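Here is the file model-v8.txt (compact mmCIF, C-alpha atoms and all ligand atoms).
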```
# COMPACT_ATOMS: atom_id res chain seq x y z
CA MET A 1 116.80 109.19 80.68
CA MET A 2 116.04 105.59 81.69
CA THR A 3 115.48 104.60 85.29
CA PRO A 4 116.76 101.25 86.65
CA LEU A 5 114.03 98.61 86.45
CA ALA A 6 113.97 98.09 90.23
CA ASP A 7 113.03 101.75 90.75
CA MET A 8 109.84 101.14 88.77
CA ILE A 9 108.56 98.35 91.06
CA PRO A 10 106.93 100.64 93.67
CA ARG A 11 105.77 103.12 91.00
CA ARG A 12 104.35 101.15 88.05
CA ARG A 13 100.67 100.63 87.41
CA SER A 14 98.52 98.99 84.76
CA VAL A 15 97.66 101.73 82.27
CA ARG A 16 94.38 101.42 80.38
CA LYS A 17 94.09 104.99 79.07
CA TYR A 18 96.35 105.99 76.21
CA THR A 19 96.55 109.22 74.23
CA GLY A 20 96.39 107.32 70.94
CA GLU A 21 99.66 108.78 69.67
CA ALA A 22 101.82 106.11 68.00
CA VAL A 23 105.16 105.24 69.62
CA SER A 24 108.03 106.37 67.36
CA GLY A 25 109.97 103.94 65.21
CA SER A 26 113.20 104.39 67.17
CA ASP A 27 111.39 103.74 70.47
CA LEU A 28 109.82 100.61 68.94
CA GLU A 29 113.31 99.42 68.01
CA THR A 30 114.54 100.08 71.56
CA ILE A 31 111.60 98.06 72.92
CA GLN A 32 112.13 95.14 70.52
CA SER A 33 115.80 94.96 71.36
CA PHE A 34 115.01 95.02 75.10
CA CYS A 35 112.52 92.14 74.57
CA ALA A 36 115.14 90.13 72.70
CA ASN A 37 117.78 90.68 75.39
CA ALA A 38 115.72 90.36 78.59
CA THR A 39 116.82 87.55 80.95
CA PRO A 40 114.82 84.31 80.60
CA LEU A 41 113.86 82.01 83.46
CA PHE A 42 114.33 78.97 81.19
CA PRO A 43 116.94 79.87 78.53
CA GLU A 44 116.17 76.74 76.48
CA ILE A 45 112.64 77.95 75.64
CA GLN A 46 112.43 80.15 72.55
CA VAL A 47 110.21 83.23 72.90
CA GLN A 48 109.39 86.00 70.47
CA ALA A 49 107.52 89.30 70.70
CA LYS A 50 105.97 91.04 67.72
CA ILE A 51 104.64 94.56 67.64
CA VAL A 52 101.11 94.45 66.24
CA GLN A 53 98.60 97.17 65.41
CA LYS A 54 95.35 97.60 67.29
CA GLU A 55 93.42 96.46 64.20
CA GLN A 56 95.14 93.06 64.42
CA VAL A 57 93.76 92.44 67.90
CA ARG A 58 90.32 91.68 69.22
CA PHE A 59 89.71 92.97 72.73
CA TYR A 60 86.75 93.85 74.75
CA LEU A 61 87.57 97.28 76.05
CA PRO A 62 87.84 100.43 73.94
CA TRP A 63 91.47 101.08 74.78
CA LYS A 64 93.15 103.62 72.56
CA THR A 65 96.58 102.00 72.38
CA PRO A 66 97.68 102.11 68.73
CA GLN A 67 100.05 99.16 69.06
CA LEU A 68 100.60 96.14 71.32
CA LEU A 69 103.16 93.41 71.92
CA ALA A 70 101.99 89.95 70.83
CA ILE A 71 103.95 87.35 72.78
CA PHE A 72 104.74 83.91 71.30
CA SER A 73 106.58 80.96 72.86
CA GLU A 74 107.51 77.36 72.30
CA ASN A 75 105.18 75.19 74.37
CA LYS A 76 107.58 73.45 76.77
CA PRO A 77 107.37 72.85 80.54
CA GLY A 78 107.61 76.21 82.30
CA PHE A 79 106.86 78.32 79.21
CA LEU A 80 104.13 80.36 80.89
CA GLU A 81 106.34 81.24 83.88
CA ASN A 82 109.11 82.07 81.40
CA VAL A 83 106.84 84.46 79.47
CA GLY A 84 105.79 86.16 82.72
CA PHE A 85 109.43 86.47 83.77
CA ILE A 86 110.67 87.99 80.51
CA PHE A 87 107.77 90.32 79.83
CA GLN A 88 107.45 91.69 83.35
CA GLN A 89 110.98 93.02 82.78
CA VAL A 90 109.52 94.56 79.61
CA ASP A 91 106.57 96.06 81.55
CA LEU A 92 109.02 97.74 83.96
CA PHE A 93 111.17 98.89 81.05
CA LEU A 94 108.23 100.42 79.16
CA GLN A 95 107.19 102.35 82.25
CA SER A 96 110.80 103.51 82.78
CA MET A 97 110.60 104.98 79.25
CA GLY A 98 107.63 107.07 80.36
CA LEU A 99 105.14 104.88 78.47
CA GLY A 100 102.09 103.14 79.91
CA SER A 101 101.66 99.36 79.68
CA CYS A 102 99.21 96.66 80.67
CA TRP A 103 99.14 92.87 80.39
CA LEU A 104 96.06 91.95 78.37
CA GLY A 105 94.90 88.40 79.07
CA LEU A 106 91.47 89.10 77.62
CA GLY A 107 92.73 90.05 74.16
CA LYS A 108 93.06 87.75 71.16
CA LEU A 109 94.98 88.03 67.92
CA ARG A 110 92.83 88.27 64.82
CA ASP A 111 93.76 85.76 62.15
CA VAL A 112 96.00 88.09 60.17
CA GLY A 113 99.08 85.98 59.59
CA VAL A 114 101.19 87.10 62.54
CA ASP A 115 101.98 83.51 63.54
CA VAL A 116 105.51 82.46 64.48
CA GLU A 117 106.48 79.00 63.25
CA GLY A 118 106.98 76.44 66.02
CA MET A 119 105.55 78.76 68.67
CA GLU A 120 102.12 79.42 70.07
CA PHE A 121 100.50 82.75 70.81
CA VAL A 122 100.51 83.27 74.58
CA ILE A 123 99.33 86.76 75.56
CA LEU A 124 99.29 90.45 74.62
CA MET A 125 100.71 93.50 76.33
CA ALA A 126 99.27 96.92 75.50
CA PHE A 127 101.63 99.89 75.60
CA GLY A 128 101.72 103.49 74.49
CA HIS A 129 101.81 107.16 75.38
CA THR A 130 99.70 108.08 78.37
CA ASN A 131 98.92 110.99 80.63
CA GLU A 132 98.43 108.67 83.62
CA PRO A 133 101.06 109.37 86.28
CA LEU A 134 103.16 106.67 87.89
CA ARG A 135 102.18 105.69 91.43
CA GLY A 136 103.32 108.14 94.09
CA ASP A 137 103.71 105.64 96.92
CA ILE A 138 103.00 102.11 98.10
CA SER A 139 99.64 103.00 99.69
CA GLN A 140 98.26 103.12 96.13
CA PHE A 141 98.69 99.34 95.72
CA GLN A 142 95.87 96.92 96.56
CA ARG A 143 97.78 93.84 97.61
CA LYS A 144 97.80 91.00 100.14
CA SER A 145 99.78 91.64 103.33
CA PRO A 146 103.30 90.24 103.82
CA GLN A 147 101.75 87.69 106.25
CA GLU A 148 99.35 86.42 103.58
CA ILE A 149 102.02 85.62 100.98
CA ALA A 150 104.65 83.83 103.06
CA ASP A 151 105.18 81.52 106.04
CA ILE A 152 107.37 84.24 107.61
CA PRO A 153 106.85 87.91 106.63
CA ASP A 154 109.98 88.88 104.71
CA ARG A 155 110.85 92.36 103.46
CA ARG A 156 112.92 90.86 100.67
CA LEU A 157 109.66 89.54 99.17
CA GLU A 158 108.21 93.05 98.81
CA PRO A 159 108.96 93.23 95.05
CA ALA A 160 106.91 90.03 94.55
CA ARG A 161 104.11 91.26 96.81
CA LEU A 162 103.72 94.38 94.65
CA ALA A 163 103.74 92.45 91.36
CA PRO A 164 100.79 92.71 88.97
CA SER A 165 98.66 89.60 88.36
CA SER A 166 95.62 88.59 86.36
CA THR A 167 92.47 89.94 88.08
CA ASN A 168 94.85 90.96 90.88
CA SER A 169 94.66 87.32 92.08
CA GLN A 170 98.22 87.34 93.56
CA PRO A 171 98.54 83.53 93.41
CA TRP A 172 102.05 83.37 94.91
CA TYR A 173 103.09 81.89 98.25
CA PHE A 174 106.60 81.59 99.67
CA THR A 175 108.10 79.36 102.35
CA HIS A 176 111.56 79.61 103.89
CA GLU A 177 114.17 76.89 104.42
CA GLY A 178 117.49 78.30 105.57
CA ASP A 179 118.50 80.89 102.97
CA LYS A 180 116.33 79.19 100.33
CA ILE A 181 112.82 80.39 99.49
CA HIS A 182 110.37 77.92 97.92
CA VAL A 183 107.84 79.41 95.50
CA TYR A 184 104.29 78.07 95.17
CA GLN A 185 101.22 78.81 93.11
CA ASN A 186 98.01 78.82 95.13
CA GLU A 187 95.65 76.44 93.36
CA ALA A 188 92.68 76.61 95.72
CA GLY A 189 89.51 77.01 93.66
CA LEU A 190 91.37 76.73 90.36
CA LEU A 191 89.45 73.69 89.08
CA ARG A 192 86.62 75.97 88.05
CA HIS A 193 88.94 78.45 86.36
CA LYS A 194 90.98 76.89 83.57
CA MET A 195 91.75 80.31 82.05
CA LEU A 196 92.89 81.72 85.39
CA GLY A 197 95.13 78.65 85.85
CA LYS A 198 97.06 79.55 82.71
CA MET A 199 97.21 83.21 83.68
CA ASN A 200 98.34 82.33 87.20
CA GLN A 201 101.40 80.51 85.83
CA ILE A 202 102.29 83.72 83.99
CA ASP A 203 101.69 85.59 87.27
CA ILE A 204 104.26 83.42 89.09
CA GLY A 205 106.85 84.34 86.46
CA ILE A 206 105.91 88.00 86.90
CA ALA A 207 106.50 87.88 90.67
CA LEU A 208 109.86 86.15 90.09
CA ALA A 209 110.80 88.84 87.55
CA GLN A 210 110.24 91.56 90.14
CA LEU A 211 112.48 89.67 92.61
CA TYR A 212 115.08 89.35 89.86
CA ALA A 213 114.83 93.07 88.95
CA ALA A 214 115.39 93.97 92.61
CA ASN A 215 118.32 91.52 92.96
CA PRO A 216 119.82 91.27 89.46
CA ASN A 217 123.21 90.00 90.59
CA SER A 218 122.26 87.54 93.32
CA PHE A 219 118.89 86.13 92.13
CA ARG A 220 119.07 82.36 91.50
CA PHE A 221 116.23 80.06 90.49
CA GLN A 222 116.18 76.27 90.37
CA GLN A 223 113.63 73.48 90.38
CA THR A 224 114.28 70.73 92.88
CA ASP A 225 111.89 68.68 94.96
CA GLY A 226 110.30 71.39 97.06
CA PRO A 227 108.26 70.28 100.06
CA ALA A 228 104.60 69.57 99.22
CA LEU A 229 102.08 72.15 100.35
CA LYS A 230 98.33 71.49 100.34
CA ASN A 231 96.36 73.32 97.60
CA HIS A 232 99.61 74.66 96.17
CA ARG A 233 101.80 73.77 93.18
CA TYR A 234 105.56 73.90 93.77
CA CYS A 235 107.13 76.17 91.12
CA GLY A 236 110.78 76.40 92.15
CA THR A 237 113.27 77.56 94.74
CA ILE A 238 115.08 80.88 94.79
CA THR A 239 117.90 82.56 96.64
CA LEU A 240 118.15 86.35 96.66
C1 LIG B 1 98.68 87.93 83.17
C2 LIG B 1 97.86 89.18 83.35
C3 LIG B 1 96.74 89.40 82.56
C4 LIG B 1 95.99 90.58 82.70
N1 LIG B 1 94.91 90.80 81.87
C5 LIG B 1 94.21 91.97 81.96
C6 LIG B 1 93.12 92.24 81.08
O1 LIG B 1 92.78 91.42 80.20
N2 LIG B 1 92.46 93.42 81.21
C7 LIG B 1 92.83 94.35 82.17
O2 LIG B 1 92.20 95.41 82.22
N3 LIG B 1 93.86 94.13 83.02
C8 LIG B 1 94.56 92.96 82.94
N4 LIG B 1 95.63 92.73 83.79
C9 LIG B 1 96.03 93.75 84.78
C10 LIG B 1 95.64 93.38 86.21
O3 LIG B 1 94.25 93.55 86.38
C11 LIG B 1 96.46 94.25 87.19
O4 LIG B 1 97.82 93.92 87.06
C12 LIG B 1 96.07 94.08 88.65
O5 LIG B 1 94.73 94.45 88.84
C13 LIG B 1 96.98 94.90 89.59
O6 LIG B 1 96.97 96.27 89.28
P1 LIG B 1 98.29 97.06 88.88
O7 LIG B 1 98.94 96.32 87.73
O8 LIG B 1 97.85 98.44 88.46
O9 LIG B 1 99.21 97.10 90.06
C14 LIG B 1 96.36 91.55 83.67
C15 LIG B 1 97.49 91.32 84.47
C16 LIG B 1 98.25 90.16 84.31
C17 LIG B 1 99.46 89.98 85.15
```

As structure tokens:
Amino acid sequence: MMTPLADMIPRRRSVRKYTGEAVSGSDLETIQSFCANATPLFPEIQVQAKIVQKEQVRFYLPWKTPQLLAIFSENKPGFLENVGFIFQQVDLFLQSMGLGSCWLGLGKLRDVGVDVEGMEFVILMAFGHTNEPLRGDISQFQRKSPQEIADIPDRRLEPARLAPSSTNSQPWYFTHEGDKIHVYQNEAGLLRHKMLGKMNQIDIGIALAQLYAANPNSFRFQQTDGPALKNHRYCGTITL
């Protein structure tokens, strides 16, 4: 029995311990079809996910996941946010299936011919059977406070506040203008961290995905000329 994606927001966690049992073929089909049908942030950018075996991936931790998702995308403006947006829906979906999952920025594909023509490899997501329980309540999250992520603390931003991010960096910041909310990526200190800069763009898409999952009918995203904010990159404007 599947749970609505929004119900997974306060319960999901990054799972790094797997039983090693392979996910069944019919579940893999369900996952691939969810990936293909998830809502994009930028519909004009083509994205593709391939299920790859552990042996096709080089990563630095001895995780037991037998298979992973390798995520590919066309390289167009906004593609990293788009990948974050689509595959955070997948992360919530995997956990609603009772599987564990974890974004894996530190993994690389071995050169084993899993390329997708016209697209570049972006990132991996580990998934599989686990004995790790979901989170019981919000006190189990280590996150910034509502005051730290927005000009005005706003309960509607809770799904974004709880979102996962690379090294738990939580690079998002929100400002209000009437019923519009401007979305920014905190860039302070990023000059020294090129890798984190790329990951942080994915993180912004992830936070937006959680806002979308919580407000699937009313969520709107557009890019206009958002007001400039020091040490921040304007990413777009949403209404919820
Ligand atoms: C884009 C991205 C890349 C990540 N890469 C890794 C990784 O390489 N290794 C890892 O152990 N965790 C990775 N994580 C998981 C984060 O460390 C985790 O989301 C964060 O610490 C918050 O914990 P939670 O997801 O359990 O709420 C990544 C997360 C994101 C969003």

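Within the 9 Å cut-off around Asp91 in chain A, using all atoms listed in the file and omitting residues fewer than 2 positions from it on the same chain, the listed residues are A:Arg12, A:Phe87, A:Gln88, A:Gln89, A:Phe93, A:Leu94, A:Gln95, A:Ser96, A:Gly100, A:Ser101, A:Cys102, A:Trp103, A:Met125, A:Phe127.
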
Subject >> Of the listed residues A:Gly25, A:Leu5, A:Arg11, A:Asn231, that which approaches Leu134 in chain A most closely, counting only C-alpha atoms >> reply: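 Of A:Gly25, A:Leu5, A:Arg11, A:Asn231, the one nearest Leu134 in chain A, counting only C-alpha atoms, is A:Arg11.
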
Original post:
So what do you get for CA of Ile31 in chain A versus CA of Pro10 in chain A, distance-wise?
Top reply: 21.4 Å

Centre and edge lengths, as lines of an AutoDock Vina configuration file, for the axis-aligned box enclosing every listed atom of ligand LIG 1 (chain B) with 3 Å of padding on each of the six sides, in Å to one decimal?
```
center_x = 95.8
center_y = 93.2
center_z = 85.1
size_x = 13.3
size_y = 16.5
size_z = 15.9
```

**OP:** Find the residue from A:Val116, A:Val47, A:Ala228, A:Met199 that sits nearest to ligand LIG 1 (chain B); use all atoms listed in the file when measuring.
**Re:**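 The answer is A:Met199, which sits nearest to ligand LIG 1 (chain B).
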
Subject >> Radius query 12 Å about (121.2, 85.9, 90.4), atoms used: all atoms listed in the file, as a PyMOL selection string >> reply: chain A and resi 39-41+208-209+211-222+238-240

Original post:
How would you write, as JSON, numbers by chain, the set of residues no farther than 10 Å from ligand LIG 1 (chain B) when counting only C-alpha atoms and all ligand atoms?
Top reply: {"A": [9, 10, 11, 12, 13, 14, 15, 16, 59, 60, 61, 63, 80, 83, 84, 87, 88, 91, 101, 102, 103, 104, 105, 106, 107, 108, 122, 123, 124, 125, 126, 134, 135, 140, 141, 142, 143, 162, 163, 164, 165, 166, 167, 168, 169, 170, 196, 198, 199, 200, 201, 202, 203, 204, 205, 206, 207]}

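Picture a line from CA of Lys76 in chain A to CA of Gln210 in chain A; it runs 22.7 Å.
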
Subject >> Point-to-point distance from CA of Arg156 in chain A to CA of Lys180 in chain A, Å rounded to tenths >> reply: 12.2 Å
